[in-house]
Every structure is written in C-alpha cells, then in structure tokens.
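protein06.txt follows; it contains compact mmCIF, C-alpha atoms and all ligand atoms.
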```txt
# COMPACT_ATOMS: atom_id res chain seq x y z
CA MET G 1 160.80 -47.72 113.79
CA PHE G 2 160.50 -44.81 111.35
CA LYS G 3 158.77 -42.61 113.92
CA HIS G 4 161.30 -43.42 116.58
CA ASN G 5 164.25 -42.57 114.32
CA LEU G 6 162.58 -39.44 113.08
CA LEU G 7 161.89 -38.16 116.60
CA ARG G 8 165.51 -38.76 117.51
CA GLN G 9 166.65 -36.87 114.43
CA VAL G 10 164.28 -33.97 115.12
CA SER G 11 165.46 -33.59 118.71
CA ARG G 12 169.09 -33.85 117.61
CA ALA G 13 168.59 -31.27 114.89
CA SER G 14 166.84 -28.83 117.20
CA ALA G 15 169.55 -29.23 119.86
CA THR G 16 172.35 -28.46 117.38
CA GLY G 17 170.26 -25.70 115.86
CA LEU G 18 170.50 -23.75 119.11
CA ARG G 19 174.30 -23.59 118.99
CA PRO G 20 175.71 -20.60 117.07
CA PRO G 21 178.24 -21.61 114.38
CA THR G 22 181.90 -21.09 115.25
CA VAL G 23 183.98 -18.64 113.17
CA ALA G 24 186.04 -21.54 111.84
CA ALA G 25 182.92 -23.39 110.70
CA ALA G 26 181.51 -20.25 109.08
CA THR G 27 184.77 -19.65 107.17
CA ARG G 28 184.89 -23.28 106.08
CA CYS G 29 181.35 -23.00 104.69
CA ALA G 30 182.07 -19.74 102.93
CA THR G 31 185.26 -20.90 101.21
CA ARG G 32 184.57 -24.56 100.46
CA PRO G 33 183.78 -24.99 96.77
CA PHE G 34 180.64 -26.88 95.74
CA SER G 35 181.37 -30.29 94.30
CA ASN G 36 179.54 -33.45 93.45
CA ALA G 37 182.79 -35.38 93.34
CA ILE G 38 182.33 -38.86 94.74
CA GLY G 39 185.72 -38.56 96.42
CA LEU G 40 184.31 -35.97 98.86
CA ARG G 41 181.47 -38.24 100.08
CA ASP G 42 181.78 -39.79 103.48
CA LYS G 43 182.70 -43.41 103.00
CA ASN G 44 179.72 -44.40 105.20
CA ASP G 45 177.16 -42.43 103.08
CA ASP G 46 175.71 -45.60 101.61
CA GLU G 47 174.67 -46.73 105.07
CA HIS G 48 173.11 -43.39 106.01
CA GLN G 49 169.76 -44.01 107.68
CA PHE G 50 167.88 -41.74 105.29
CA ASP G 51 169.13 -43.59 102.22
CA GLN G 52 166.16 -45.93 102.41
CA TYR G 53 163.90 -42.89 101.78
CA SER G 54 165.81 -42.01 98.60
CA THR G 55 165.76 -43.76 95.25
CA SER G 56 168.45 -46.06 96.59
CA GLY G 57 165.83 -47.62 98.89
CA GLU G 58 163.53 -50.33 97.60
CA GLN G 59 160.01 -49.44 96.41
CA GLY G 60 157.47 -50.30 99.12
CA ALA G 61 160.09 -50.51 101.88
CA ASP G 62 158.26 -48.08 104.14
CA ILE G 63 154.56 -47.73 104.95
CA HIS G 64 154.75 -43.94 104.71
CA GLU G 65 155.79 -43.91 101.07
CA GLY G 66 153.53 -41.57 99.11
CA GLN G 67 151.00 -41.70 101.93
CA TYR G 68 149.45 -38.28 101.21
CA SER G 69 150.17 -38.06 97.50
CA ARG G 70 148.79 -41.18 95.89
CA THR G 71 145.39 -42.24 94.68
CA ASP G 72 143.52 -45.12 96.26
CA LYS G 73 141.86 -47.37 93.69
CA ARG G 74 139.41 -48.68 96.29
CA ILE G 75 137.52 -45.36 96.23
CA ARG G 76 134.82 -45.46 93.60
CA VAL G 77 132.01 -42.90 93.22
CA GLU G 78 129.55 -42.99 90.34
CA TYR G 79 127.54 -39.90 89.47
CA PRO G 80 124.21 -40.47 91.25
CA GLU G 81 120.77 -40.67 89.65
CA GLU G 82 118.68 -37.49 89.81
CA GLU G 83 116.56 -38.76 92.71
CA GLY G 84 119.77 -39.34 94.69
CA LEU G 85 120.34 -35.60 94.98
CA PRO G 86 118.18 -33.35 97.16
CA ARG G 87 116.55 -30.18 95.86
CA GLN G 88 118.52 -27.01 96.52
CA LYS G 89 117.30 -23.87 98.28
CA PRO G 90 118.35 -20.42 97.07
CA VAL G 91 121.11 -18.61 98.93
CA GLN G 92 119.60 -16.38 101.60
CA GLY G 93 120.55 -12.84 102.51
CA ARG G 94 122.81 -12.03 99.55
CA GLY G 95 120.31 -9.98 97.56
CA GLY G 96 118.14 -6.96 98.20
CA TYR G 97 118.78 -3.28 97.70
CA HIS G 98 121.62 -1.92 99.73
CA PHE G 99 123.23 1.43 100.15
CA LYS G 100 126.81 0.36 100.48
CA ARG G 101 129.03 2.07 97.95
CA THR G 102 130.46 -0.21 95.29
CA LEU G 103 131.83 0.16 91.76
CA ALA G 104 129.11 0.60 89.14
CA SER G 105 131.24 -1.43 86.73
CA PHE G 106 130.28 -4.59 88.65
CA SER G 107 126.63 -4.16 87.65
CA LEU G 108 125.07 -6.51 85.08
CA GLU G 109 121.98 -4.32 84.48
CA ASP G 110 120.48 -4.87 81.02
CA ARG G 111 122.60 -7.96 80.35
CA VAL G 112 121.33 -11.42 79.50
CA GLY G 113 123.32 -14.26 81.03
CA VAL G 114 123.12 -17.95 80.16
CA VAL G 115 124.15 -20.53 82.76
CA THR G 116 124.51 -24.16 81.69
CA GLY G 117 123.97 -26.67 84.48
CA GLY G 118 122.09 -23.86 86.21
CA ALA G 119 119.36 -26.00 87.79
CA ARG G 120 121.56 -27.10 90.66
CA GLY G 121 124.82 -26.79 92.53
CA LEU G 122 127.34 -24.11 91.61
CA GLY G 123 125.44 -23.19 88.44
CA LEU G 124 122.26 -22.36 90.35
CA VAL G 125 124.06 -20.14 92.85
CA MET G 126 125.94 -18.37 90.04
CA SER G 127 122.61 -17.83 88.24
CA GLN G 128 121.38 -16.19 91.42
CA ALA G 129 124.50 -13.99 91.53
CA LEU G 130 123.79 -12.75 88.00
CA VAL G 131 120.14 -12.03 88.85
CA ILE G 132 121.11 -10.14 92.03
CA SER G 133 123.64 -8.14 89.98
CA GLY G 134 120.96 -6.96 87.54
CA ALA G 135 120.94 -9.50 84.69
CA ASP G 136 118.14 -11.48 83.11
CA VAL G 137 119.09 -15.15 83.10
CA ALA G 138 118.48 -18.25 81.00
CA ILE G 139 119.03 -21.45 82.97
CA VAL G 140 120.02 -24.35 80.73
CA ASP G 141 119.95 -27.88 82.09
CA MET G 142 119.26 -31.47 81.16
CA ASN G 143 116.90 -31.53 84.12
CA LYS G 144 114.30 -29.15 82.67
CA GLU G 145 111.79 -29.72 85.45
CA GLU G 146 114.29 -28.60 88.10
CA ALA G 147 115.40 -25.68 85.90
CA ASP G 148 111.74 -24.54 85.62
CA HIS G 149 111.27 -24.82 89.37
CA GLN G 150 114.46 -22.91 90.20
CA ALA G 151 113.75 -20.17 87.63
CA LYS G 152 110.47 -19.45 89.44
CA ILE G 153 112.15 -19.56 92.86
CA LEU G 154 114.82 -17.08 91.76
CA VAL G 155 112.21 -14.55 90.63
CA GLU G 156 110.10 -15.06 93.78
CA GLY G 157 113.21 -14.64 95.94
CA PHE G 158 114.11 -11.43 94.11
CA LYS G 159 110.62 -10.01 94.62
CA LYS G 160 110.71 -10.86 98.32
CA GLU G 161 114.11 -9.27 98.85
CA ASN G 162 113.35 -6.24 96.70
CA PRO G 163 109.76 -5.18 97.48
CA GLY G 164 108.65 -2.39 95.16
CA ALA G 165 111.43 -3.04 92.62
CA GLU G 166 110.70 -1.27 89.32
CA LYS G 167 112.22 -4.00 87.18
CA ILE G 168 111.65 -7.67 87.85
CA PRO G 169 114.32 -9.91 86.30
CA LYS G 170 113.29 -12.34 83.60
CA VAL G 171 114.53 -15.85 84.38
CA THR G 172 113.77 -18.64 81.91
CA ALA G 173 114.51 -22.38 81.81
CA HIS G 174 115.70 -24.31 78.75
CA TYR G 175 116.44 -27.95 78.08
CA ALA G 176 119.79 -29.00 76.61
CA ASP G 177 122.13 -31.92 76.72
CA VAL G 178 125.26 -29.79 76.29
CA SER G 179 127.20 -32.71 74.79
CA SER G 180 124.90 -32.75 71.73
CA PRO G 181 125.43 -30.10 69.00
CA ASP G 182 121.75 -30.21 67.91
CA SER G 183 120.51 -29.87 71.46
CA VAL G 184 122.85 -26.90 72.10
CA ASN G 185 121.79 -25.15 68.89
CA SER G 186 118.10 -25.49 69.66
CA ALA G 187 118.63 -24.27 73.25
CA ILE G 188 120.48 -21.17 71.99
CA ALA G 189 117.66 -20.53 69.49
CA GLY G 190 115.12 -20.85 72.33
CA ILE G 191 117.06 -18.42 74.53
CA LEU G 192 117.30 -15.85 71.72
CA GLU G 193 113.58 -16.19 71.15
CA ALA G 194 112.85 -15.57 74.84
CA HIS G 195 115.45 -12.87 75.57
CA GLY G 196 116.43 -11.40 72.21
CA LYS G 197 120.17 -11.54 72.93
CA ILE G 198 122.94 -13.13 75.01
CA ASP G 199 125.75 -11.13 76.64
CA ASN G 200 127.25 -13.57 79.12
CA LEU G 201 127.73 -17.31 79.25
CA VAL G 202 128.69 -19.40 82.28
CA THR G 203 129.30 -23.09 81.55
CA SER G 204 128.69 -25.03 84.74
CA ALA G 205 127.20 -28.25 83.29
CA GLY G 206 129.67 -30.95 84.17
CA PHE G 207 130.18 -33.91 86.41
CA THR G 208 132.85 -36.01 88.04
CA GLU G 209 133.24 -39.70 88.81
CA ASN G 210 135.90 -41.49 90.82
CA TYR G 211 137.16 -44.65 89.20
CA ASP G 212 140.37 -46.54 88.85
CA ALA G 213 141.48 -45.59 85.29
CA ILE G 214 141.98 -49.15 84.09
CA GLU G 215 138.46 -50.14 85.14
CA TYR G 216 136.56 -47.01 84.05
CA PRO G 217 134.02 -48.07 81.39
CA TYR G 218 134.89 -46.41 78.07
CA GLU G 219 131.31 -45.17 77.44
CA ARG G 220 131.28 -43.36 80.78
CA MET G 221 134.59 -41.72 79.99
CA GLN G 222 133.25 -40.53 76.64
CA LYS G 223 130.16 -39.11 78.35
CA LEU G 224 132.33 -37.38 80.98
CA TRP G 225 134.48 -35.71 78.32
CA GLY G 226 131.41 -35.07 76.19
CA VAL G 227 129.65 -33.05 78.90
CA ASN G 228 132.68 -31.33 80.43
CA VAL G 229 134.72 -30.58 77.29
CA ASP G 230 132.45 -30.80 74.21
CA GLY G 231 129.61 -29.17 76.17
CA THR G 232 131.80 -26.20 77.06
CA TYR G 233 133.11 -25.89 73.51
CA LEU G 234 129.71 -26.21 71.84
CA PHE G 235 127.99 -23.61 74.00
CA ALA G 236 130.91 -21.20 73.82
CA THR G 237 131.16 -21.32 70.04
CA GLY G 238 127.38 -20.98 69.69
CA VAL G 239 127.27 -17.88 71.92
CA ALA G 240 130.41 -16.34 70.35
CA LYS G 241 128.85 -16.75 66.89
CA HIS G 242 125.74 -14.90 68.09
CA LEU G 243 127.86 -12.10 69.64
CA MET G 244 129.88 -11.70 66.44
CA GLU G 245 126.74 -11.58 64.28
CA ARG G 246 125.36 -8.93 66.65
CA LYS G 247 128.73 -7.12 66.70
CA ALA G 248 128.40 -6.98 70.46
CA LYS G 249 131.01 -7.44 73.15
CA GLY G 250 130.56 -10.26 75.64
CA SER G 251 132.12 -12.22 78.44
CA ILE G 252 132.22 -16.00 78.79
CA VAL G 253 133.18 -17.86 81.97
CA PHE G 254 134.06 -21.55 81.94
CA ILE G 255 133.77 -23.53 85.14
CA GLY G 256 136.87 -25.67 85.25
CA SER G 257 138.29 -27.09 88.44
CA MET G 258 141.50 -27.04 90.40
CA SER G 259 141.68 -30.65 89.15
CA GLY G 260 142.70 -29.17 85.80
CA ALA G 261 145.96 -28.07 87.40
CA ILE G 262 146.66 -30.67 90.09
CA VAL G 263 145.89 -34.33 90.73
CA ASN G 264 143.43 -34.83 93.58
CA VAL G 265 144.17 -37.48 96.20
CA PRO G 266 143.19 -40.00 97.32
CA GLN G 267 140.22 -40.52 94.99
CA PRO G 268 141.20 -41.56 91.45
CA GLN G 269 139.71 -39.38 88.67
CA ALA G 270 142.17 -39.18 85.76
CA PRO G 271 139.60 -38.54 82.98
CA TYR G 272 137.95 -35.71 84.97
CA ASN G 273 141.30 -34.07 85.71
CA ALA G 274 142.25 -34.21 82.04
CA ALA G 275 138.83 -32.85 81.01
CA LYS G 276 139.19 -29.86 83.33
CA ALA G 277 142.72 -29.18 82.07
CA ALA G 278 141.19 -29.08 78.57
CA VAL G 279 138.51 -26.63 79.76
CA ARG G 280 141.14 -24.33 81.26
CA HIS G 281 143.25 -24.27 78.10
CA LEU G 282 140.19 -23.90 75.91
CA ALA G 283 139.44 -20.68 77.81
CA SER G 284 142.94 -19.32 77.08
CA SER G 285 142.83 -20.42 73.43
CA LEU G 286 139.39 -18.96 72.70
CA ALA G 287 140.32 -15.77 74.58
CA VAL G 288 143.09 -15.21 72.05
CA GLU G 289 140.97 -16.28 69.09
CA TRP G 290 138.06 -13.98 69.96
CA ALA G 291 139.91 -11.01 71.43
CA HIS G 292 139.47 -9.14 68.11
CA ALA G 293 135.68 -9.32 68.58
CA ASP G 294 135.78 -7.97 72.17
CA ILE G 295 134.69 -11.33 73.54
CA ARG G 296 136.50 -12.22 76.75
CA VAL G 297 136.86 -15.83 77.89
CA ASN G 298 138.03 -16.76 81.38
CA CYS G 299 137.99 -19.82 83.57
CA ILE G 300 137.00 -20.21 87.21
CA SER G 301 138.67 -23.22 88.84
CA PRO G 302 136.94 -24.09 92.09
CA GLY G 303 138.49 -26.32 94.72
CA TYR G 304 136.40 -28.57 96.98
CA MET G 305 132.98 -26.91 97.22
CA LEU G 306 130.26 -28.26 99.48
CA THR G 307 127.35 -28.98 97.11
CA ALA G 308 124.69 -31.71 97.17
CA LEU G 309 127.00 -33.86 95.06
CA THR G 310 130.11 -33.46 97.25
CA ARG G 311 127.92 -33.98 100.35
CA LYS G 312 126.85 -37.30 98.87
CA ILE G 313 130.45 -38.32 98.09
CA LEU G 314 131.39 -37.49 101.68
CA ASP G 315 128.33 -39.32 103.08
CA ASP G 316 129.51 -42.43 101.22
CA ASN G 317 133.20 -41.93 102.13
CA PRO G 318 133.31 -39.98 105.42
CA GLU G 319 137.07 -40.45 105.82
CA LEU G 320 137.61 -38.26 102.74
CA ALA G 321 136.49 -35.10 104.56
CA GLN G 322 139.51 -35.04 106.88
CA LYS G 323 141.89 -35.89 104.05
CA TRP G 324 140.53 -33.11 101.86
CA ILE G 325 140.49 -30.35 104.46
CA SER G 326 143.93 -31.30 105.75
CA LEU G 327 145.31 -30.40 102.31
CA ILE G 328 143.56 -26.99 102.09
CA PRO G 329 145.62 -24.10 103.54
CA GLN G 330 142.43 -22.25 104.57
CA GLY G 331 141.39 -25.51 106.24
CA LYS G 332 137.82 -25.35 104.93
CA MET G 333 135.83 -26.46 101.91
CA GLY G 334 134.25 -23.65 99.94
CA ARG G 335 130.51 -23.01 99.61
CA PRO G 336 128.82 -22.26 96.27
CA GLU G 337 128.29 -18.67 97.51
CA ASP G 338 132.05 -18.22 97.40
CA LEU G 339 131.80 -18.11 93.59
CA MET G 340 129.16 -15.36 93.46
CA GLY G 341 131.61 -12.44 93.50
CA ALA G 342 134.05 -14.07 91.09
CA VAL G 343 131.47 -14.88 88.41
CA THR G 344 129.94 -11.40 88.67
CA PHE G 345 133.39 -9.81 88.36
CA LEU G 346 134.33 -11.86 85.30
CA CYS G 347 130.98 -11.27 83.55
CA SER G 348 131.00 -7.52 84.25
CA ASP G 349 132.93 -4.54 82.90
CA ALA G 350 134.95 -4.55 86.13
CA SER G 351 137.09 -7.24 84.48
CA GLY G 352 137.27 -5.48 81.10
CA TYR G 353 141.02 -6.15 80.71
CA VAL G 354 140.91 -9.72 82.02
CA THR G 355 140.83 -12.45 79.42
CA GLY G 356 142.33 -15.93 79.16
CA SER G 357 142.83 -16.05 82.90
CA ASP G 358 142.21 -18.91 85.30
CA LEU G 359 140.82 -17.74 88.64
CA ARG G 360 141.41 -20.42 91.26
CA ILE G 361 138.94 -20.38 94.12
CA ASP G 362 140.29 -23.20 96.22
CA GLY G 363 141.27 -21.92 99.68
CA GLY G 364 144.91 -22.06 98.56
CA TYR G 365 144.90 -25.79 97.68
CA THR G 366 146.90 -25.40 94.48
CA VAL G 367 149.64 -23.19 95.88
CA THR G 368 151.06 -25.78 98.25
N1 LIG G 401 131.29 -29.17 93.52
C1 LIG G 401 132.59 -29.05 93.49
O1 LIG G 401 133.30 -29.23 94.48
C2 LIG G 401 133.27 -28.64 92.20
C3 LIG G 401 134.62 -28.32 92.25
C4 LIG G 401 135.27 -27.93 91.09
C5 LIG G 401 134.57 -27.87 89.91
N2 LIG G 401 133.26 -28.21 89.88
C6 LIG G 401 132.59 -28.10 88.58
O2 LIG G 401 131.50 -27.22 88.70
C7 LIG G 401 130.47 -27.59 87.80
C8 LIG G 401 129.16 -27.76 88.58
O3 LIG G 401 129.33 -28.77 89.57
P1 LIG G 401 128.25 -29.00 90.72
O4 LIG G 401 128.97 -29.53 91.89
O5 LIG G 401 127.43 -27.78 90.85
O6 LIG G 401 127.43 -30.21 90.07
P2 LIG G 401 125.87 -30.57 90.18
O7 LIG G 401 125.77 -32.00 89.81
O8 LIG G 401 125.31 -30.12 91.49
O9 LIG G 401 125.20 -29.66 89.05
C9 LIG G 401 125.47 -29.88 87.68
C10 LIG G 401 124.26 -29.54 86.86
O10 LIG G 401 124.60 -29.80 85.49
C11 LIG G 401 123.53 -30.51 84.90
N3 LIG G 401 124.02 -31.34 83.81
C12 LIG G 401 124.75 -32.48 83.91
N4 LIG G 401 124.98 -32.98 82.70
C13 LIG G 401 124.40 -32.15 81.80
C14 LIG G 401 124.29 -32.15 80.39
N5 LIG G 401 124.79 -33.13 79.64
N6 LIG G 401 123.63 -31.12 79.80
C15 LIG G 401 123.07 -30.15 80.56
N7 LIG G 401 123.14 -30.11 81.89
C16 LIG G 401 123.79 -31.11 82.51
C17 LIG G 401 122.91 -31.33 86.00
O11 LIG G 401 121.56 -31.68 85.71
C18 LIG G 401 123.03 -30.37 87.19
O12 LIG G 401 121.90 -29.54 87.31
C19 LIG G 401 130.93 -28.89 87.14
O13 LIG G 401 131.52 -28.58 85.90
C20 LIG G 401 131.97 -29.40 88.10
O14 LIG G 401 132.91 -30.22 87.45
C21 LIG G 401 132.59 -28.59 91.00
```
As structure tokens, what does this structure read like?
Amino acid sequence: MFKHNLLRQVSRASATGLRPPTVAAATRCATRPFSNAIGLRDKNDDEHQFDQYSTSGEQGADIHEGQYSRTDKRIRVEYPEEEGLPRQKPVQGRGGYHFKRTLASFSLEDRVGVVTGGARGLGLVMSQALVISGADVAIVDMNKEEADHQAKILVEGFKKENPGAEKIPKVTAHYADVSSPDSVNSAIAGILEAHGKIDNLVTSAGFTENYDAIEYPYERMQKLWGVNVDGTYLFATGVAKHLMERKAKGSIVFIGSMSGAIVNVPQPQAPYNAAKAAVRHLASSLAVEWAHADIRVNCISPGYMLTALTRKILDDNPELAQKWISLIPQGKMGRPEDLMGAVTFLCSDASGYVTGSDLRIDGGYTVT
C-alpha cells in the first residue's frame, strides 16, 4: 500500500517537475507572505495521505517506521574469549626504505611510543605504523603472550623489509590491565626501565559488546567503562606526569569511535557509545589542561573497521554487513591500515598545532 502510493506520488511529482512555472504562479510565490495561520490551511489537510507519516499518525501504523534508524534488541554480541580470535599477521608492503619525497616532520625517529591494546587489531597495526615511521615502541596488553609474539614479529618484519638498516627498532611487550591504576603504574615503570622515556601514547585497549540496555549485566558495563574510559584516563595521566617531570613535549592519541558521536544501528550498544563519547571529550579536556606543558591530546574516531573482532561479529550476524555498508558513503568498511597515516600524523611534529581534535576515519559515516 505504502509503496504503491509512494510510486504514484513520485511519478506525479516528476511529471509536474518538468513543467516550467507560469509567471502568475511565480509572482504569487514571490509576494505571498509566510504564515502558519490555521485559516490558510486547506480544509482537507487532516485527510492528507502523508499525515499518517507525521506525528498525527499513530505509533506503529506503518512497517517502515524507523526502519533504518532504530536498534534491534535481538542482536546480542558478547566480547569473545581469547581463543575465539585468530592471531593477526603484520601488514605487508607498507614498510621498507623508499625514495619518495615526503615531509621530514612526519618522522618519529628517536621517539618512544606506547600503544595500549597493541597486541592485536587496530593497536597492533598502529604499533607497526610507529615502528615504520622511526619510533621504538612499547606494546601494552592484557594478553602478554600475544604482545611478546607480536613485538618479535614487528622487529623481524622490519629487518626483512629494511636489509642493512643501521638502526633496528626496539619493540618491547608489557602486561597491563588498563582499568587498574596499580597495573598501569607498574607498566609505565617497566616501559621507562626498558626505554628510558615515553614521547607518544596511543590508547587502543578497549572493547565493545552489543546488548539490550535493560538486560546488560551491570558488572559487564562497569568493565566496559573501566577499560574504555578509566583505562584511557589512567594511561594518559601517567604518561603526562612523566612528560611534565621530564619537561618534554609529547603527543597523545586516544582511540575513540564514531560511536562517540552517533548511535550505531541496528545493534544496541548504549554503554559503549557513551564510553566513546567520554573518550572524545576527555581528549579535548586534557588538551586544554596540558597545553601549557606542550603535550597535545587528540582523538581518532574510527568507523567500521574490518578486524578479527568485527569479522567475528559479522560471521555471527551476516545480515549486519549489508546494513553497515549501506550506511557508509564510501560504501566500504575500513581496514586497520587506514589508521596508519592518521596516527603517525597526530604523533609527529607534522600536527604540531593540532590539539583537542577528533579525527573521524569512517568513510563519511558521520556526515550523513
Ligand atoms: N574495530 C573497529 O571497527 C573499531 C571501530 C571504532 C573503534 N574501535 C576501537 O579501537 C580500539 C581497538 O579495537 P580493536 O577492534 O582493535 O579490538 P581488538 O579486540 O582486536 O584489540 C583490543 C586489544 O586490547 C586488549 N585489551 C582489552 N582489554 C584490555 C585491558 N583491560 N587492558 C589491556 N589491554 C586490553 C586486547 O587484549 C586486544 O589485544 C578499541 O578501543 C575499540 O573500541 C574499533
């Protein structure tokens, strides 16, 4: 019924659209004053066929109501156990010496970067970006075994892509549960022992779960906020304290999400969205608070990125793939590699006058 009416309306509208307006009609439009006066409404307005799609129609009257803009409580995804996620391979073909001209200010030579959640996913690829750009890197993760493994792989990959390199990057692995203040403090102490200093921090430790808000167990919500929000705060304040004591400038990059600015559909994830909004505003707030010390703080807000975790969500809910990509103007999900340039830019001197910003890397999702 709806479709039939709509098609009729569309064909009627396009037919009238072809006719140029008459002079009389144009004059009428130009001189008629705007008015909301009820007296000017057509007496049949209340029976207009589109009224049912306005607030005068009853809730639930049409099957298309909110079809592409509501959450679906039937979708539930719990963060998987470690063994549920496959091991990741390093990005190929992005490293190595090259002779293409580029700005020297993008280089991270002689810097030490810390990446939380660096054993896997976006954090691992961003660790690789820092190594390729010249930095030494400390990978921090709750999964220490995987962090150890990946630290070795990053160095081996560098050696393979840069035979005869004079300086081999130092990549270390450190355990931390970023939601615990004691654990964060001892990880920072361990990093300073191994590297002597920290110049950059990237906070990628975080996770998402899809749950109907009313049914989400309170302990899980606390853990989700603990890792995403407290973890970001604790590591940032720890590193800023070190930079201030050293009287050194630095750059910190928080990994937020486009979910901090919009509400994803159809999967429900209210606590995650709120956590990422907190991360984004924390970046702005700390940027202002630490500007005097030459410490910059920015946020990267990725859209849908194809990682082991999102692959698993899509394996469990294949219908989500079409829904997601249909809402992305670029029509594609991003890959972790798509963050390599952004994180390097924000950590480097190339972004010297950028602080408190939120860089959305989402294929245009949040602009529509
Ligand atoms: N993948 C996406 O599409 C996407 C989109 C937007 C934002 N993000 C954000 O990017 C970040 C990384 O996501 P990902 O997809 O790479 O996830 P991932 O699960 O692949 O990797 C996260 C890493 O963080 C570690 N980690 C989890 N809890 C931790 C804790 N308490 N302490 C220390 N380490 C911990 C995990 O062991 C893992 O190695 C997250 O903050 C996520 O919210 C991801």
| request: Would you list the contacts of region 260-265 of chain G as a PyMOL selection string, taking every protein, DNA or RNA residue within 6 Å and counting only C-alpha atoms, but skipping same-chain residues closer than 6 positions in sequence? | output: chain G and resi 70-71+273+276-277
| task | Please measure the separation of CA of Asp182 (chain G) and atom N3 of ligand LIG 401 (chain G), giving the value in Å to one decimal. | result | 16.1 Å
| request: Grab me every residue within 6 Å of ligand LIG 401 (chain G), counting only C-alpha atoms and all ligand atoms, and send it over as a ChimeraX atom specification. | output: /G:117-123,141-143,176-179,204-208,227,255-257,302-310
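Residues surrounding Val91 (chain G) within 10 Å are Leu124, Val125, Gln128, Ala129, Leu154, Gly157, Pro336 and Glu337 of chain G [all atoms listed in the file; sequence separation below 5 positions excluded].
Proximity ranking of G:Ile328, G:Met258, G:Ala147, G:Ala270 relative to Ile300 (chain G) places G:Met258 first, based on all atoms listed in the file.
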